[in-house]
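Text of the file upload-v4.txt, holding compact mmCIF, C-alpha atoms:
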```
# COMPACT_ATOMS: atom_id res chain seq x y z
CA ALA A 1 88.37 -4.89 248.95
CA GLU A 2 87.57 -3.43 245.53
CA GLY A 3 85.35 -6.42 244.71
CA ARG A 4 83.52 -6.01 248.00
CA GLU A 5 82.88 -2.35 247.17
CA PHE A 6 81.40 -3.34 243.78
CA VAL A 7 79.15 -5.93 245.43
CA ASP A 8 77.98 -3.41 248.03
CA THR A 9 77.21 -0.88 245.29
CA ALA A 10 75.33 -3.50 243.27
CA LEU A 11 73.29 -4.55 246.34
CA ALA A 12 72.42 -0.93 247.16
CA SER A 13 71.37 -0.30 243.55
CA THR A 14 69.28 -3.46 243.52
CA GLN A 15 67.54 -2.43 246.75
CA GLN A 16 66.79 0.99 245.25
CA LEU A 17 65.26 -0.65 242.18
CA VAL A 18 63.13 -2.98 244.33
CA GLU A 19 61.88 0.00 246.36
CA MET A 20 61.20 1.94 243.15
CA VAL A 21 59.15 -0.90 241.65
CA SER A 22 57.27 -1.40 244.94
CA SER A 23 56.43 2.30 245.09
CA LEU A 24 55.25 2.34 241.49
CA LEU A 25 53.04 -0.71 242.05
CA ASP A 26 51.61 0.78 245.25
CA ILE A 27 50.99 4.13 243.55
CA SER A 28 49.14 2.32 240.77
CA LYS A 29 47.00 0.39 243.30
CA MET A 30 46.21 3.52 245.31
CA GLU A 31 45.29 5.52 242.21
CA ALA A 32 42.96 2.71 241.11
CA GLY A 33 41.41 2.49 244.59
CA GLU A 34 42.61 -1.11 244.91
CA MET A 35 44.97 -0.70 247.87
CA THR A 36 43.70 -2.45 250.97
CA LEU A 37 44.99 -0.92 254.19
CA ASN A 38 46.03 -3.28 256.96
CA LEU A 39 44.91 -1.09 259.87
CA THR A 40 46.50 -1.92 263.21
CA PRO A 41 47.44 0.17 266.25
CA CYS A 42 50.80 1.78 265.55
CA ASP A 43 52.89 4.18 267.59
CA LEU A 44 54.03 7.00 265.31
CA ARG A 45 56.91 7.89 267.65
CA ALA A 46 58.20 4.30 267.52
CA ILE A 47 57.97 4.37 263.71
CA ALA A 48 59.83 7.71 263.67
CA ARG A 49 62.57 6.31 265.95
CA GLU A 50 62.99 3.26 263.66
CA ALA A 51 63.12 5.44 260.54
CA LEU A 52 65.74 7.71 262.14
CA ALA A 53 67.77 4.65 263.20
CA ARG A 54 67.73 3.39 259.59
CA ILE A 55 69.26 6.61 258.26
CA GLU A 56 71.70 7.00 261.18
CA PRO A 57 74.59 5.32 259.29
CA LEU A 58 74.10 7.80 256.42
CA LYS A 59 73.80 10.99 258.47
CA GLY A 60 77.43 12.10 258.24
CA GLY A 61 77.76 15.26 260.33
CA ARG A 62 74.03 16.01 260.32
CA GLN A 63 72.10 16.15 263.59
CA LEU A 64 69.03 13.88 263.72
CA THR A 65 66.42 14.65 266.39
CA LEU A 66 63.03 13.31 267.43
CA SER A 67 61.47 16.00 269.59
CA ASP A 68 59.37 15.04 272.64
CA ALA A 69 60.27 11.39 272.08
CA ASP A 70 58.83 9.98 275.33
CA GLU A 71 55.06 10.18 274.80
CA PRO A 72 53.61 7.50 272.43
CA GLU A 73 51.24 8.66 269.69
CA THR A 74 49.18 5.62 268.68
CA VAL A 75 46.82 5.61 265.69
CA MET A 76 45.01 3.03 263.62
CA ALA A 77 47.03 2.88 260.41
CA ASP A 78 48.80 0.60 257.98
CA THR A 79 52.14 0.48 259.80
CA GLU A 80 54.13 -0.55 256.72
CA LEU A 81 52.79 2.28 254.56
CA ILE A 82 53.27 4.91 257.26
CA ALA A 83 56.81 3.63 257.91
CA ARG A 84 57.54 4.07 254.19
CA VAL A 85 56.15 7.62 254.35
CA PHE A 86 58.59 8.39 257.18
CA GLN A 87 61.47 6.77 255.24
CA ASN A 88 60.71 8.78 252.08
CA LEU A 89 60.42 12.08 253.92
CA LEU A 90 63.58 11.45 255.96
CA GLY A 91 65.44 10.23 252.85
CA ASN A 92 64.58 13.48 251.06
CA ALA A 93 65.61 15.54 254.09
CA LEU A 94 68.91 13.67 254.27
CA LYS A 95 69.54 14.15 250.56
CA PHE A 96 69.09 17.92 250.67
CA THR A 97 70.50 18.80 254.09
CA PRO A 98 74.15 19.86 254.16
CA ASP A 99 76.56 17.68 256.13
CA ASP A 100 76.63 20.16 259.01
CA GLY A 101 72.83 20.61 259.00
CA ARG A 102 70.00 19.22 261.07
CA ILE A 103 66.86 17.14 260.57
CA THR A 104 64.13 17.18 263.20
CA VAL A 105 61.01 15.03 263.42
CA SER A 106 58.14 16.38 265.55
CA ILE A 107 54.74 14.89 266.30
CA GLU A 108 51.92 17.15 267.47
CA THR A 109 48.37 16.36 268.51
CA THR A 110 45.60 18.87 267.79
CA ALA A 111 41.87 18.74 268.48
CA ASP A 112 41.05 16.99 265.20
CA ALA A 113 44.34 15.52 263.91
CA ILE A 114 47.80 14.29 264.66
CA ARG A 115 50.51 16.10 262.70
CA VAL A 116 53.97 14.79 261.84
CA LEU A 117 56.66 17.26 260.75
CA VAL A 118 60.03 16.49 259.15
CA GLN A 119 62.09 19.68 259.18
CA ASP A 120 65.46 20.12 257.49
CA SER A 121 68.03 22.88 257.15
CA GLY A 122 68.50 22.34 253.42
CA PRO A 123 68.25 24.88 250.59
CA GLY A 124 64.45 25.13 250.64
CA ILE A 125 62.07 24.69 247.72
CA PRO A 126 61.01 27.52 245.40
CA ALA A 127 57.37 28.54 246.04
CA GLN A 128 56.26 27.80 242.47
CA PHE A 129 57.21 24.11 242.88
CA GLN A 130 55.83 23.38 246.35
CA GLU A 131 52.48 21.97 245.18
CA LYS A 132 53.89 20.23 242.10
CA ILE A 133 56.51 18.16 243.93
CA PHE A 134 53.76 15.72 244.99
CA GLU A 135 52.84 15.01 241.36
CA LYS A 136 53.95 11.74 239.82
CA PHE A 137 57.28 11.95 237.95
CA PHE A 138 57.67 15.68 238.67
CA GLN A 139 61.21 16.82 239.41
CA VAL A 140 62.43 20.27 240.37
CA GLU A 141 65.93 21.37 239.58
CA ASN A 142 67.53 24.41 241.12
CA ARG A 143 69.51 25.85 238.23
CA SER A 144 72.14 27.44 240.47
CA ASP A 145 73.24 24.14 242.00
CA THR A 146 71.57 21.53 239.72
CA MET A 147 69.94 19.97 242.80
CA LYS A 148 66.75 18.01 242.17
CA TYR A 149 64.02 18.26 244.79
CA SER A 150 62.20 15.02 243.99
CA THR A 151 62.97 11.62 242.51
CA GLY A 152 59.66 11.74 240.70
CA PHE A 153 57.42 9.42 242.69
CA GLY A 154 58.58 9.12 246.31
CA LEU A 155 56.52 12.13 247.35
CA THR A 156 53.61 10.93 245.19
CA PHE A 157 53.67 7.68 247.15
CA CYS A 158 53.65 9.66 250.42
CA LYS A 159 50.70 11.77 249.28
CA LEU A 160 48.60 8.80 248.19
CA ALA A 161 49.46 6.75 251.30
CA VAL A 162 48.55 9.60 253.66
CA GLU A 163 45.36 10.38 251.74
CA ALA A 164 44.38 6.69 251.82
CA HIS A 165 44.35 7.09 255.61
CA GLY A 166 42.10 10.17 255.34
CA GLY A 167 44.99 12.55 256.01
CA ARG A 168 46.71 15.43 254.26
CA ILE A 169 50.32 16.16 253.30
CA GLY A 170 52.20 19.31 252.37
CA VAL A 171 55.38 21.31 252.61
CA ASP A 172 56.26 24.67 254.13
CA SER A 173 59.48 25.98 252.66
CA GLU A 174 61.38 29.11 251.86
CA GLU A 175 64.45 29.20 249.64
CA GLY A 176 67.56 29.38 251.80
CA SER A 177 65.69 28.45 254.99
CA GLY A 178 65.06 24.72 254.70
CA SER A 179 61.80 22.80 254.36
CA THR A 180 59.22 21.27 256.65
CA PHE A 181 57.32 18.38 255.13
CA TRP A 182 54.24 17.51 257.17
CA PHE A 183 51.37 15.10 257.14
CA THR A 184 48.27 14.75 259.25
CA LEU A 185 46.12 11.79 260.20
CA PRO A 186 42.54 12.40 261.32
CA ARG A 187 41.86 12.50 265.05
CA GLU A 188 39.16 9.82 264.89
CA LYS A 189 41.83 7.30 263.92
CA ILE A 190 43.84 8.12 267.07
CA LEU A 191 43.58 5.52 269.82
CA THR A 192 43.13 6.76 273.37
```
Can the structure in the file be given as structure tokens, please?
Amino acid sequence: AEGREFVDTALASTQQLVEMVSSLLDISKMEAGEMTLNLTPCDLRAIAREALARIEPLKGGRQLTLSDADEPETVMADTELIARVFQNLLGNALKFTPDDGRITVSIETTADAIRVLVQDSGPGIPAQFQEKIFEKFFQVENRSDTMKYSTGFGLTFCKLAVEAHGGRIGVDSEEGSGSTFWFTLPREKILT
């Protein structure tokens, strides 16, 4: 049993390293303008459901919710990149949400864009760091609890991937009241 635990830990660490290297390579390609998007019709709600299902085993006592989950929201996008954006945002929410907290994914359609929101009930992010957390290798540490708000490039990957689709990304947060990470994709890329 102890050996199995070591193997599981080694496999998880290896997977994290593979994802880290992939993100760094993709960030480099996107920054150089060399990333080619494989645009196909993709249902953002289906991607959100899959991303939530992937973190389900790790949720502990947290509530995971996809609001208004019945209506598909289909856009032309690189499904793999957008799925990784969801995974990164949900992974961050999971990391910083207390075990009795909640994480909610919402998808809204406006006149000119589709907006995806990942809301958590974590500690929130200090205002002075909210723009900087999307910078490569930037980490924020809350001195009172030594909690880091970024691994250093996961949010950079999200920013570049969303911007490569012509969208925007940001965070609305208040210390002590959780965070809402959001991204938008332009309306003209939405399939009707």
**Study point:** Selected residue, from A:Gly122, A:Gly91, A:Pro72, A:Gly60, that lies nearest to Leu155 of chain A when counting only C-alpha atoms
**Key:** A:Gly91
Check your understanding: For Leu52 of chain A, which residue among A:Met76, A:Leu94, A:Cys158, A:Ala1 is the nearest when counting only C-alpha atoms?
Key -> A:Leu94
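Protein and nucleic acid residues near (54.4, 26.6, 251.8) are Ile125, Pro126, Ala127, Gln128, Phe129, Gln130, Glu131, Gly170, Val171, Asp172, Ser173, Glu174, Ser179, Thr180 and Phe181 of chain A, the criterion being any atom at most 10 Å away using all atoms listed in the file.
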Exercise for review: Using only C-alpha atoms, give me every residue within 9 Å of (52.4, 4.8, 263.9) in file coordinates, as a list in words.
Suggested key: Thr40, Pro41, Cys42, Asp43, Leu44, Arg45, Ala46, Ile47, Ala48, Glu73, Thr74, Val75, Met76, Ala77, Asp78, Thr79, Ile82 and Ala83 of chain A
Now that the selection is made, can you save its residues with C-alpha atoms as a PDB file, in the frame of the given file?
```pdb
ATOM      1  CA  THR A  40      46.500  -1.920 263.210  1.00  0.00           C
ATOM      2  CA  PRO A  41      47.440   0.170 266.250  1.00  0.00           C
ATOM      3  CA  CYS A  42      50.800   1.780 265.550  1.00  0.00           C
ATOM      4  CA  ASP A  43      52.890   4.180 267.590  1.00  0.00           C
ATOM      5  CA  LEU A  44      54.030   7.000 265.310  1.00  0.00           C
ATOM      6  CA  ARG A  45      56.910   7.890 267.650  1.00  0.00           C
ATOM      7  CA  ALA A  46      58.200   4.300 267.520  1.00  0.00           C
ATOM      8  CA  ILE A  47      57.970   4.370 263.710  1.00  0.00           C
ATOM      9  CA  ALA A  48      59.830   7.710 263.670  1.00  0.00           C
ATOM     10  CA  GLU A  73      51.240   8.660 269.690  1.00  0.00           C
ATOM     11  CA  THR A  74      49.180   5.620 268.680  1.00  0.00           C
ATOM     12  CA  VAL A  75      46.820   5.610 265.690  1.00  0.00           C
ATOM     13  CA  MET A  76      45.010   3.030 263.620  1.00  0.00           C
ATOM     14  CA  ALA A  77      47.030   2.880 260.410  1.00  0.00           C
ATOM     15  CA  ASP A  78      48.800   0.600 257.980  1.00  0.00           C
ATOM     16  CA  THR A  79      52.140   0.480 259.800  1.00  0.00           C
ATOM     17  CA  ILE A  82      53.270   4.910 257.260  1.00  0.00           C
ATOM     18  CA  ALA A  83      56.810   3.630 257.910  1.00  0.00           C
TER      19      ALA A  83
END
```
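Remark: for Gln87 of chain A, the closest of the candidate residues A:Phe157, A:Ser121, A:Thr36, A:Lys132 is A:Phe157 (distances computed over all atoms listed in the file).
Excluding segment 107-113 of chain A itself and any same-chain residue fewer than 3 positions from it, the protein and nucleic acid residues within 7 Å of it, counting all atoms listed in the file, are Val116, Leu117, Thr184, Leu185, Pro186 and Arg187 of chain A.
The shortest atom-to-atom distance to Glu71 of chain A, with all atoms listed in the file taken into account, belongs to A:Ser106 out of A:Gly3, A:Thr97, A:Ser106, A:Asn38.
The smallest atom-to-atom distance between Asn88 of chain A and any of A:Ala161, A:Ile114, A:Leu37, A:Leu11, using only C-alpha atoms, is found for A:Ala161.
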**Study point:** For atom CA of Gly176 of chain A and atom CA of Thr65 of chain A, the interatomic separation in Å (one decimal)
**Key:** 20.8 Å
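Ranking A:Thr9, A:Gly167, A:Thr14, A:Arg54 by their shortest atom-to-atom distance to Arg115 of chain A, with only C-alpha atoms included, puts A:Gly167 first.
Atom pair atom CA of Asp120 of chain A / atom CA of Ala93 of chain A: separated by 5.7 Å.
The space separating atom CA of Glu5 of chain A from atom CA of Ile103 of chain A comes to 28.6 Å.
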